[in-house]
Structure formats: structure tokens, C-alpha cells
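Asks: My questions all concern the structure below.
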2 protein chains.
Amino acid sequence: MEGGAESVATRIMVGVNESTLKGYPHASISSKGAFEWTLTKIVRSNTSSFKLLFLHVQVPDEDGFGDMDSIYASPDDFKSMNHRNKIRGLHLLEYFVHRCHEIGVPCEAWIKKGNPKEVILHEVKRVQPDFLVVGSRGLGPFQKVFVGTVSEFCVKHAECPVITIKRKPGEAPQDPVDD
Amino acid sequence: MEGGAESVATRIMVGVNESTLKGYPHASISSKGAFEWTLTKIVRSNTSSFKLLFLHVQVPDEDGFGDMDSIYASPDDFKSMNHRNKIRGLHLLEYFVHRCHEIGVPCEAWIKKGNPKEVILHEVKRVQPDFLVVGSRGLGPFQKVFVGTVSEFCVKHAECPVITIKRKPGEAPQDPVDD
């Protein structure tokens, strides 16, 4: 539209994570909501105008043994844990990538480990998307005292514009902290 | 894309205001930035997929005499003041509407009086846009103590997703509180 900018696709980063409810390898309700919102309200049928960049941040277990039967672990156990986590992440991303391929929207997807807030900020800085879409559970102030709100942190600190898509009221599970 | 939703345009509300610097009837730097961002990054050449809804909130003078030479005003003076304000608002909106007509994006525009935060929230509730775009001066925490930050208020309280477009560093005037 502006001096040939039309030829370069608008790059939308979408933060996605696993469901706390439905188990492996389902995406969280809010991730799916944010993704579907982006398709319906922004991309629409203009698939060649946009490129979606899916970022999945895996939080390492605090003690490094969360998934194992015993705290006596050999180096091989760690290796297989890392491998399992990688597969989990890939399966999660597969859902989004597959949906994009179906519709014909170009996309990329990758996994990073760490604190979601810090990693998202860092990846925004590195990748420089045009904007970031994040899902949100839409928790009230009381519930938020006990859980991290990645979306609010991104809105405040990310170097690009951020749009937060709240879960629809009908989609919230019985315990709204679940997702 | 989703069961015929493609036929209904995505309705984007854009909050716009006057420049504190350039004088009548110029739009603020951040309003223009938010608008141009929406065109370049979201609408692109897909003009028939979107409809822009421009909301301009006029803040009434606190004592009702800000624009006048004397505080001894007749009812006629008030009438002409209201008329002048209306014309100011229309001239501001004209810029955005004209630009949309040039490009071929459908749009609507209207003026409301009151506290921008409250009015924007109320208009979002009434008009139900798909999302709201607001410009922001991108002030630091120290500067924000002294001025209202409409964008942050909207992000927290509006009933629809909100995307805040910060002024580019190169566009900020000498006094960053100006716009």
C-alpha cells in the first residue's frame, strides 16, 4: 500500500502453549482462541498478505525431575527427558502449522525453553514481528494474584504492538485458572 | 473463512484526537501513527475485508470558558462555542475519512463529548467493534504520573481486544507529553 510495502507480508507472532486440562498434546483454550481470532478477524481470506510465527515456550521443571519416578537419574534419563519434551512441543506446534497449511497461510514455528515472559520479549526483539497476539484466560484481579499473567507482561514490555485475546466466557473451564 | 464470516467486514474502531502541537485541525502524531499502522499492517490491499470506525472524543473545557476572552458569556456565546467545537471535530475526522475514501476502505466517523476513557469504553460496548486501535505517546513511568494514559485504561477495561500503537521514536516531539 505504501511504496511497495504491500509485497512484504505482515508478520504476526502468536504465542502458544499447552492445555493444563486436556493433556498432551492439546493446545490451551486461550492459544487456540487467539489463533482462530487472528485467522477470522485479521487474515480472513487474504492469506498471502500475512505470515504467522508460532512461538512455544517450554517451562523447564523447577527441580528438573518433575517427569521422572526417581530423583536418582543418570545422564541418559536427562537425555530422554529432553527428547520427550521436544516431541511434546513439536506435537503442540503441529496443530497450528497443520491448520495454516490447510488454509494456505505461510507460517513458521519454533520452541524455546525458559520463562515465558522473558523468552517472548527476547524473541520479539530478535524476530521483530509486526505485532504479537497472545491469548489470555481473562482472570479477575483476585485470581491473578496466584498465577502469572504473561499477556499483561507482554503488553507492557514487548517492543512491538501486542493484542490480547481473552477467552470467550463460554469457553472458560470450571476452574478459570485451567486453560 | 469460517462458515460465511468472510462476507462480514472486520470492524476496527480507531480512537483519534487533536494534536496538542500543530494546532487546529491537525490530528495528533499518535492518532495518525495508529491509523497508518492499521492501513499498512492490517488492511493492506484487502480494503473490502475491513471497516474503520473513527471515534473522536472531545473533552469539554473544565470551566466552560477556555476558548473565550471573558468569563461574562451570554447563552449565545455558549451556542457559538458548541458550534465551533463541532466544526473542529468534523475537520479532524475529515482527514481520516478522506484518506479512507482515497484508498477505498469503508469507514464511519463520529464525535462524542466527555472523558475519553469513559466514552471510549461506552462506545466499544455500544458499537461492538472486533477490536480497538489506539495510539500512544509511549511515555515513561515518570511522565505518566502527570498525564492520563487513555491507551492503558482501554487495554485494561475495554470489552474488545485492544492494540496500542506507540509513536515511533523519531516522531516524538521535543516535549514527549506533546502529541
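A note on labels: chains of the C-alpha cells are A, B, ... as shown, every chain counts residues from 1, and ligands are counted from 1 in their shown order.
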Write out, as JSON lines, each residue of chain B that has an atom at most 7 Å from chain A, together with the closest pair of atoms and their distance in Å to one decimal, counting only C-alpha atoms, rows going by chain and rising number.
Replies:
{"residue": "B:Met1", "atom": "CA", "partner": "A:Arg44", "partner_atom": "CA", "distance": 5.8}
{"residue": "B:Glu2", "atom": "CA", "partner": "A:Thr40", "partner_atom": "CA", "distance": 6.9}
{"residue": "B:Glu6", "atom": "CA", "partner": "A:Arg44", "partner_atom": "CA", "distance": 6.5}
{"residue": "B:Thr10", "atom": "CA", "partner": "A:Lys41", "partner_atom": "CA", "distance": 5.7}
{"residue": "B:Thr40", "atom": "CA", "partner": "A:Met1", "partner_atom": "CA", "distance": 6.4}
{"residue": "B:Lys41", "atom": "CA", "partner": "A:Thr10", "partner_atom": "CA", "distance": 5.7}
{"residue": "B:Ile42", "atom": "CA", "partner": "A:Ile42", "partner_atom": "CA", "distance": 6.6}
{"residue": "B:Arg44", "atom": "CA", "partner": "A:Met1", "partner_atom": "CA", "distance": 5.8}
{"residue": "B:Ser45", "atom": "CA", "partner": "A:Met1", "partner_atom": "CA", "distance": 6.2}
{"residue": "B:Asn46", "atom": "CA", "partner": "A:Asn46", "partner_atom": "CA", "distance": 6.9}
{"residue": "B:Pro161", "atom": "CA", "partner": "A:Ile165", "partner_atom": "CA", "distance": 5.9}
{"residue": "B:Val162", "atom": "CA", "partner": "A:Ile163", "partner_atom": "CA", "distance": 5.9}
{"residue": "B:Ile163", "atom": "CA", "partner": "A:Ile163", "partner_atom": "CA", "distance": 5.0}
{"residue": "B:Thr164", "atom": "CA", "partner": "A:Pro161", "partner_atom": "CA", "distance": 6.0}
{"residue": "B:Ile165", "atom": "CA", "partner": "A:Pro161", "partner_atom": "CA", "distance": 5.9}
Asks: I need the residues from that last selection saved to file as an mmCIF file, in the first residue's frame (with N, CA, C and O atoms), if you can.
Replies:
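Writing done, so here's again06.cif:
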data_model
loop_
_atom_site.group_PDB
_atom_site.id
_atom_site.type_symbol
_atom_site.label_atom_id
_atom_site.label_comp_id
_atom_site.auth_asym_id
_atom_site.auth_seq_id
_atom_site.Cartn_x
_atom_site.Cartn_y
_atom_site.Cartn_z
ATOM 1 N N MET B 1 -14.128 -16.950 5.923
ATOM 2 C CA MET B 1 -13.244 -18.093 6.169
ATOM 3 C C MET B 1 -13.955 -19.162 6.992
ATOM 4 O O MET B 1 -13.961 -20.320 6.660
ATOM 5 N N GLU B 2 -14.632 -18.719 8.054
ATOM 6 C CA GLU B 2 -15.334 -19.661 8.934
ATOM 7 C C GLU B 2 -16.844 -19.562 8.658
ATOM 8 O O GLU B 2 -17.502 -18.623 9.135
ATOM 9 N N GLU B 6 -16.637 -14.540 6.259
ATOM 10 C CA GLU B 6 -15.846 -13.726 5.332
ATOM 11 C C GLU B 6 -16.639 -12.556 4.771
ATOM 12 O O GLU B 6 -16.075 -11.511 4.475
ATOM 13 N N THR B 10 -14.382 -7.052 9.004
ATOM 14 C CA THR B 10 -13.830 -6.883 10.347
ATOM 15 C C THR B 10 -13.915 -5.406 10.707
ATOM 16 O O THR B 10 -13.393 -4.563 9.985
ATOM 17 N N THR B 40 -1.385 -0.072 6.919
ATOM 18 C CA THR B 40 -0.213 -0.746 6.338
ATOM 19 C C THR B 40 -0.115 -2.197 6.783
ATOM 20 O O THR B 40 0.246 -3.072 5.994
ATOM 21 N N LYS B 41 -0.419 -2.469 8.053
ATOM 22 C CA LYS B 41 -0.167 -3.798 8.609
ATOM 23 C C LYS B 41 -1.395 -4.705 8.643
ATOM 24 O O LYS B 41 -1.259 -5.932 8.650
ATOM 25 N N ILE B 42 -2.580 -4.123 8.690
ATOM 26 C CA ILE B 42 -3.790 -4.950 8.811
ATOM 27 C C ILE B 42 -4.611 -4.906 7.514
ATOM 28 O O ILE B 42 -4.860 -5.925 6.891
ATOM 29 N N ARG B 44 -3.957 -3.397 4.515
ATOM 30 C CA ARG B 44 -3.131 -3.614 3.321
ATOM 31 C C ARG B 44 -3.977 -3.363 2.054
ATOM 32 O O ARG B 44 -4.637 -2.327 2.013
ATOM 33 N N SER B 45 -3.972 -4.281 1.094
ATOM 34 C CA SER B 45 -4.779 -4.007 -0.096
ATOM 35 C C SER B 45 -6.163 -4.665 -0.009
ATOM 36 O O SER B 45 -6.942 -4.610 -0.952
ATOM 37 N N ASN B 46 -6.452 -5.262 1.147
ATOM 38 C CA ASN B 46 -7.711 -6.003 1.300
ATOM 39 C C ASN B 46 -8.818 -5.072 1.789
ATOM 40 O O ASN B 46 -9.447 -5.316 2.822
ATOM 41 N N PRO B 161 -10.754 -6.719 22.186
ATOM 42 C CA PRO B 161 -9.286 -6.666 22.140
ATOM 43 C C PRO B 161 -8.812 -5.262 21.749
ATOM 44 O O PRO B 161 -9.487 -4.581 20.972
ATOM 45 N N VAL B 162 -7.683 -4.868 22.307
ATOM 46 C CA VAL B 162 -7.148 -3.522 22.074
ATOM 47 C C VAL B 162 -5.700 -3.646 21.626
ATOM 48 O O VAL B 162 -4.927 -4.415 22.211
ATOM 49 N N ILE B 163 -5.332 -2.917 20.602
ATOM 50 C CA ILE B 163 -3.933 -2.882 20.204
ATOM 51 C C ILE B 163 -3.439 -1.434 20.279
ATOM 52 O O ILE B 163 -4.087 -0.522 19.773
ATOM 53 N N THR B 164 -2.337 -1.263 20.988
ATOM 54 C CA THR B 164 -1.794 0.072 21.220
ATOM 55 C C THR B 164 -0.607 0.287 20.304
ATOM 56 O O THR B 164 0.312 -0.522 20.285
ATOM 57 N N ILE B 165 -0.639 1.357 19.533
ATOM 58 C CA ILE B 165 0.473 1.661 18.628
ATOM 59 C C ILE B 165 1.251 2.850 19.195
ATOM 60 O O ILE B 165 0.741 3.965 19.263
#
Asks: Any idea what's packed within 9 Å of Thr149 in chain B, counting only C-alpha atoms, ignoring anything in its chain fewer than 3 positions away? Could you give it as a ChimeraX atom specification?
Replies: /B:117,136-137,139,144,152-154
Asks: Restrict the selected residues to N, CA and C atoms and save them as a compact mmCIF listing (two decimals), in the first residue's frame.
Replies:
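Final file, again_29.txt:
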# COMPACT_ATOMS: atom_id res chain seq x y z
N LYS B 117 -11.55 8.24 28.36
CA LYS B 117 -11.55 6.86 28.85
C LYS B 117 -12.97 6.29 28.94
N SER B 136 -0.46 5.79 21.16
CA SER B 136 0.08 6.08 22.49
C SER B 136 1.36 6.88 22.32
N ARG B 137 1.58 7.81 23.25
CA ARG B 137 2.80 8.62 23.16
C ARG B 137 4.02 7.83 23.60
N LEU B 139 4.97 7.10 26.71
CA LEU B 139 5.64 7.81 27.80
C LEU B 139 6.25 6.84 28.81
N LYS B 144 4.25 9.56 32.96
CA LYS B 144 2.85 9.12 33.03
C LYS B 144 2.16 9.55 34.32
N GLU B 152 -3.65 2.73 28.09
CA GLU B 152 -3.54 1.70 29.14
C GLU B 152 -4.89 1.39 29.77
N PHE B 153 -5.68 2.43 29.96
CA PHE B 153 -7.01 2.26 30.53
C PHE B 153 -7.86 1.37 29.60
N CYS B 154 -7.79 1.64 28.30
CA CYS B 154 -8.58 0.87 27.34
C CYS B 154 -8.14 -0.60 27.31
Asks: Check the DSSP output for the backbone and give back, as number ranges by chain, the residues of range 2-176 of chain B in helix (DSSP H, G or I).
Replies: B: 5-7, 29-43, 47-49, 75-103, 116-127, 141-144, 150-157, 169-171
Asks: Run DSSP on the backbone of this structure and report the residues of range 13-124 of chain B it assigns to strand (DSSP E), as a list in words.
Replies: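 Here is the list: Met13, Val14, Gly15, Val16, Phe50, Lys51, Leu52, Leu53, Phe54, Leu55, His56, Val57, Gln58, Cys107, Glu108, Ala109, Trp110, Ile111, Lys112 and Lys113 of chain B.
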Asks: Could you write out that same residue set with N, CA and C atoms as a JSON list (two decimals), in the first residue's frame?
Replies:
[["chain", "number", "residue", "atom", "x", "y", "z"],
["B", 13, "MET", "N", -12.32, -0.24, 15.39],
["B", 13, "MET", "CA", -12.52, 1.12, 15.92],
["B", 13, "MET", "C", -11.16, 1.77, 16.13],
["B", 14, "VAL", "N", -11.01, 3.02, 15.69],
["B", 14, "VAL", "CA", -9.76, 3.74, 15.86],
["B", 14, "VAL", "C", -10.06, 5.03, 16.64],
["B", 15, "GLY", "N", -9.45, 5.17, 17.80],
["B", 15, "GLY", "CA", -9.63, 6.39, 18.58],
["B", 15, "GLY", "C", -8.69, 7.47, 18.07],
["B", 16, "VAL", "N", -9.24, 8.65, 17.75],
["B", 16, "VAL", "CA", -8.39, 9.73, 17.21],
["B", 16, "VAL", "C", -8.59, 11.02, 18.00],
["B", 50, "PHE", "N", -12.38, -4.94, 5.55],
["B", 50, "PHE", "CA", -12.34, -4.19, 6.80],
["B", 50, "PHE", "C", -13.24, -2.96, 6.73],
["B", 51, "LYS", "N", -13.68, -2.54, 7.89],
["B", 51, "LYS", "CA", -14.39, -1.26, 8.01],
["B", 51, "LYS", "C", -13.81, -0.51, 9.18],
["B", 52, "LEU", "N", -13.40, 0.73, 8.97],
["B", 52, "LEU", "CA", -12.80, 1.53, 10.04],
["B", 52, "LEU", "C", -13.85, 2.44, 10.67],
["B", 53, "LEU", "N", -13.84, 2.47, 11.99],
["B", 53, "LEU", "CA", -14.81, 3.27, 12.75],
["B", 53, "LEU", "C", -14.04, 4.29, 13.58],
["B", 54, "PHE", "N", -14.07, 5.54, 13.15],
["B", 54, "PHE", "CA", -13.28, 6.58, 13.83],
["B", 54, "PHE", "C", -14.10, 7.23, 14.94],
["B", 55, "LEU", "N", -13.58, 7.18, 16.12],
["B", 55, "LEU", "CA", -14.22, 7.84, 17.26],
["B", 55, "LEU", "C", -13.33, 8.97, 17.75],
["B", 56, "HIS", "N", -13.88, 10.17, 17.77],
["B", 56, "HIS", "CA", -13.15, 11.32, 18.32],
["B", 56, "HIS", "C", -13.89, 11.80, 19.57],
["B", 57, "VAL", "N", -13.20, 11.78, 20.70],
["B", 57, "VAL", "CA", -13.83, 12.25, 21.93],
["B", 57, "VAL", "C", -13.33, 13.67, 22.23],
["B", 58, "GLN", "N", -14.26, 14.58, 22.35],
["B", 58, "GLN", "CA", -13.93, 15.96, 22.69],
["B", 58, "GLN", "C", -14.07, 16.15, 24.19],
["B", 107, "CYS", "N", -15.66, 3.31, 5.84],
["B", 107, "CYS", "CA", -15.46, 3.87, 7.19],
["B", 107, "CYS", "C", -16.69, 4.61, 7.68],
["B", 108, "GLU", "N", -16.72, 4.83, 8.98],
["B", 108, "GLU", "CA", -17.68, 5.71, 9.64],
["B", 108, "GLU", "C", -16.90, 6.55, 10.63],
["B", 109, "ALA", "N", -17.46, 7.70, 10.99],
["B", 109, "ALA", "CA", -16.75, 8.56, 11.94],
["B", 109, "ALA", "C", -17.76, 9.34, 12.76],
["B", 110, "TRP", "N", -17.48, 9.52, 14.02],
["B", 110, "TRP", "CA", -18.40, 10.32, 14.84],
["B", 110, "TRP", "C", -17.67, 10.94, 16.04],
["B", 111, "ILE", "N", -18.33, 11.94, 16.62],
["B", 111, "ILE", "CA", -17.77, 12.72, 17.73],
["B", 111, "ILE", "C", -18.62, 12.49, 18.98],
["B", 112, "LYS", "N", -17.96, 12.33, 20.10],
["B", 112, "LYS", "CA", -18.68, 12.29, 21.39],
["B", 112, "LYS", "C", -17.98, 13.24, 22.34],
["B", 113, "LYS", "N", -18.70, 13.76, 23.28],
["B", 113, "LYS", "CA", -18.10, 14.62, 24.30],
["B", 113, "LYS", "C", -17.96, 13.87, 25.60]]
Asks: Mind giving me the straight-line distance from CA of Tyr95 in chain A to CA of Val177 in chain A in Å, one decimal?
Replies: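 The value is 22.8 Å.
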Asks: Could you name the residues that touch Ala27 in chain B at 6 Å or less, counting only C-alpha atoms, but leaving out those on the same chain fewer than 4 positions away, as a PyMOL selection string?
Replies: chain B and resi 17-19
Asks: Output the selection as an mmCIF file, in the first residue's frame - N, CA, C and O atoms for each residue.
Replies:
data_model
loop_
_atom_site.group_PDB
_atom_site.id
_atom_site.type_symbol
_atom_site.label_atom_id
_atom_site.label_comp_id
_atom_site.auth_asym_id
_atom_site.auth_seq_id
_atom_site.Cartn_x
_atom_site.Cartn_y
_atom_site.Cartn_z
ATOM 1 N N ASN B 17 -7.539 11.814 18.089
ATOM 2 C CA ASN B 17 -7.665 13.101 18.790
ATOM 3 C C ASN B 17 -6.821 14.183 18.123
ATOM 4 O O ASN B 17 -6.039 13.906 17.216
ATOM 5 N N GLU B 18 -7.005 15.405 18.596
ATOM 6 C CA GLU B 18 -6.291 16.558 18.024
ATOM 7 C C GLU B 18 -4.849 16.602 18.498
ATOM 8 O O GLU B 18 -4.541 16.164 19.603
ATOM 9 N N SER B 19 -4.022 17.197 17.692
ATOM 10 C CA SER B 19 -2.639 17.428 18.090
ATOM 11 C C SER B 19 -2.583 18.512 19.160
ATOM 12 O O SER B 19 -3.343 19.472 19.122
#
